[in-house]
Amino acid sequence: MLVARNITKRFGAVEVLRGVGLTVSDGAFAAVLGPSGCGKTTLLRIVAGFERADSGSVSIGGRSVGDLPPERRKVGIVPQEAALFPHLTVSRNVGYGLPRGSRERIEEMLGLVGLAGFGDRMPHELSGGQQQRVALARALAPGPGVVLLDEPFSALDRGLRSVVRDDVRDVLKRAGATAVLVTHDQEEALSMADEVAVMREGRIVQVGTPAAVYGTPADLRVATFVGEAVVLPASASGGAADCALGRIPVRTGAVAGNGGTSPAAGHVALRPEQFRLGHPGDDRLRGRVERVEFFGHDAVVTVRLPQMPAPVRARTAGEAPYHPGDEVGVHVEGAALFYREG
């Protein structure tokens, strides 16, 4: 288990971390998700021992490691780029830092990451994805208590990134490793992690399962950062909100920000997949298609509604049977999130 408590860190006059706490259970995969400059990489470096916190504590496996140098913390690092030694073979890269006679362990790790038989190759003979797998094998070889992944897929092209992400998650699960991924990529965090910690301006503002963070964001800023959202001014009462789309149901409760049935001013947030398109027919909401983006597994249709200041983006499964200029009916499915002003 990894436990970071009340971590603070300043660089000069800039407070980078403000009382950050993070707990990752044994064998769990956590993602720290946030925009550039929010402090997530500094938190990772403090856990690894490359930076020292101004206050707070870090423990791994129940042992405080705040005063230990990086090499004694039993932490494995998978960096942004594989950072392999170009003059060493794959086997020697994986075994770097291991005691002599660790050939069996090296072969075990190469088999674990799907690179059995690659030990005599040089890094330049491998693809980008294979190099990242070697970096993962190297991080796992010493049997670390925690594996830290610092945006390790950012240098890969989009198609390869998806495959390597799946491979890395599978390897970490089979190894039973406790892992923390630092990323600014929402899709990456939601698809890989058991738990997501959303970070903003030096604080963790929400922790939960990927489904909870996406489905019930803690505030409007989280809602618009974790996935796309259509946000509209609204007034809510009685479990529904009046907005430019008409009166639509809203989710209630402390997380959604609507604490009861009394009227409240604020904003509603709707996900693109909540907009259903069809023939104009009798739909009260009608719009005109401006753009269709096809992604293979789904499509996003941009629709201009006369009552809306900006177009809405509707996500549909598979190929969308619409073209720019088509008139469509628009239906909102499910409840919106409602956030009070302030």
# chains A, B, ... in the order shown; residues from 1 in each chain; ligands from 1
call {"tool": "residues_around", "arguments": {"residues": "A:Ser235", "least_positions_apart": "5", "cutoff": "10 Å", "atoms": "only C-alpha atoms", "output": "PyMOL selection string"}}
result
chain A and resi 240-243+247+262-268+338-341
call {"tool": "write_last_selection", "arguments": {"atoms": "N, CA and C atoms", "output": "short mmCIF file (atom, residue, chain, number, x, y, z; two decimals), in the first residue's frame"}}
result
data_model
loop_
_atom_site.label_atom_id
_atom_site.label_comp_id
_atom_site.auth_asym_id
_atom_site.auth_seq_id
_atom_site.Cartn_x
_atom_site.Cartn_y
_atom_site.Cartn_z
N ALA A 240 -35.78 18.85 -11.37
CA ALA A 240 -35.63 19.18 -12.78
C ALA A 240 -35.07 20.58 -12.91
N ALA A 241 -34.57 20.90 -14.10
CA ALA A 241 -33.98 22.21 -14.33
C ALA A 241 -34.54 22.80 -15.61
N ASP A 242 -34.74 24.11 -15.60
CA ASP A 242 -35.16 24.84 -16.79
C ASP A 242 -33.92 25.49 -17.41
N CYS A 243 -33.72 25.19 -18.72
CA CYS A 243 -32.56 25.73 -19.43
C CYS A 243 -32.95 25.93 -20.88
N ARG A 247 -37.20 21.92 -19.96
CA ARG A 247 -37.13 21.39 -18.59
C ARG A 247 -36.65 19.94 -18.66
N SER A 262 -35.84 23.15 -3.49
CA SER A 262 -36.02 24.60 -3.58
C SER A 262 -35.31 25.13 -4.82
N PRO A 263 -35.86 26.19 -5.45
CA PRO A 263 -35.24 26.73 -6.67
C PRO A 263 -33.79 27.14 -6.41
N ALA A 264 -32.95 26.85 -7.37
CA ALA A 264 -31.53 27.19 -7.25
C ALA A 264 -31.00 27.57 -8.62
N ALA A 265 -30.20 28.63 -8.66
CA ALA A 265 -29.56 29.03 -9.91
C ALA A 265 -28.24 28.31 -10.05
N GLY A 266 -27.89 27.96 -11.26
CA GLY A 266 -26.62 27.28 -11.48
C GLY A 266 -26.46 26.88 -12.93
N HIS A 267 -25.88 25.71 -13.15
CA HIS A 267 -25.63 25.22 -14.50
C HIS A 267 -25.95 23.73 -14.56
N VAL A 268 -26.43 23.29 -15.72
CA VAL A 268 -26.55 21.86 -15.99
C VAL A 268 -25.42 21.44 -16.91
N PHE A 338 -26.50 18.89 -12.11
CA PHE A 338 -26.78 20.28 -11.80
C PHE A 338 -25.82 20.77 -10.73
N TYR A 339 -25.23 21.95 -10.97
CA TYR A 339 -24.29 22.55 -10.04
C TYR A 339 -24.76 23.95 -9.69
N ARG A 340 -24.91 24.19 -8.40
CA ARG A 340 -25.32 25.52 -7.94
C ARG A 340 -24.25 26.55 -8.26
N GLU A 341 -24.67 27.77 -8.42
CA GLU A 341 -23.71 28.86 -8.59
C GLU A 341 -22.90 29.02 -7.33
#
call {"tool": "select_by_dssp", "arguments": {"residues": "stretch 25-273 of chain A", "states": "alpha helix (DSSP H)", "output": "VMD selection string"}}
result
chain A and resid 40 to 48 90 to 94 103 to 112 128 to 140 158 to 175 186 to 192 210 to 215 220 to 225
call {"tool": "closest_residue", "arguments": {"among": "A:Leu270, A:Val328, A:Val75, A:Leu232", "to": "A:Pro309", "atoms": "only C-alpha atoms"}}
result
A:Leu232
call {"tool": "atom_distance", "arguments": {"atom1": "atom CA of A:Ala53", "atom2": "atom CA of A:Asn6"}}
result
9.7 Å
call {"tool": "closest_residue", "arguments": {"among": "A:Glu188, A:Arg10, A:Arg174, A:Leu22", "to": "A:Val205", "atoms": "only C-alpha atoms"}}
result
A:Leu22
call {"tool": "residues_around", "arguments": {"residues": "A:Leu2", "least_positions_apart": "4", "cutoff": "12 Å", "atoms": "only C-alpha atoms", "output": "PyMOL selection string"}}
result
chain A and resi 21-30+44+47-48+57-65+73-75+144-148+177-180
call {"tool": "residues_around", "arguments": {"residues": "A:Arg288", "least_positions_apart": "4", "cutoff": "8 Å", "atoms": "only C-alpha atoms", "output": "NGL selection string"}}
result
:A and (303-305 or 324-328)
call {"tool": "write_last_selection", "arguments": {"atoms": "C-alpha atoms", "output": "short mmCIF file (atom, residue, chain, number, x, y, z; two decimals), in the first residue's frame"}}
result
data_model
loop_
_atom_site.label_atom_id
_atom_site.label_comp_id
_atom_site.auth_asym_id
_atom_site.auth_seq_id
_atom_site.Cartn_x
_atom_site.Cartn_y
_atom_site.Cartn_z
CA VAL A 303 -25.77 20.11 -34.39
CA ARG A 304 -26.82 23.76 -34.34
CA LEU A 305 -30.03 24.35 -32.36
CA PRO A 324 -23.92 18.53 -42.99
CA GLY A 325 -27.12 20.46 -43.71
CA ASP A 326 -29.50 17.68 -42.60
CA GLU A 327 -32.32 18.69 -40.30
CA VAL A 328 -32.56 16.40 -37.26
#
call {"tool": "atom_distance", "arguments": {"atom1": "atom CA of A:Leu126", "atom2": "atom CA of A:Ala82"}}
result
11.2 Å
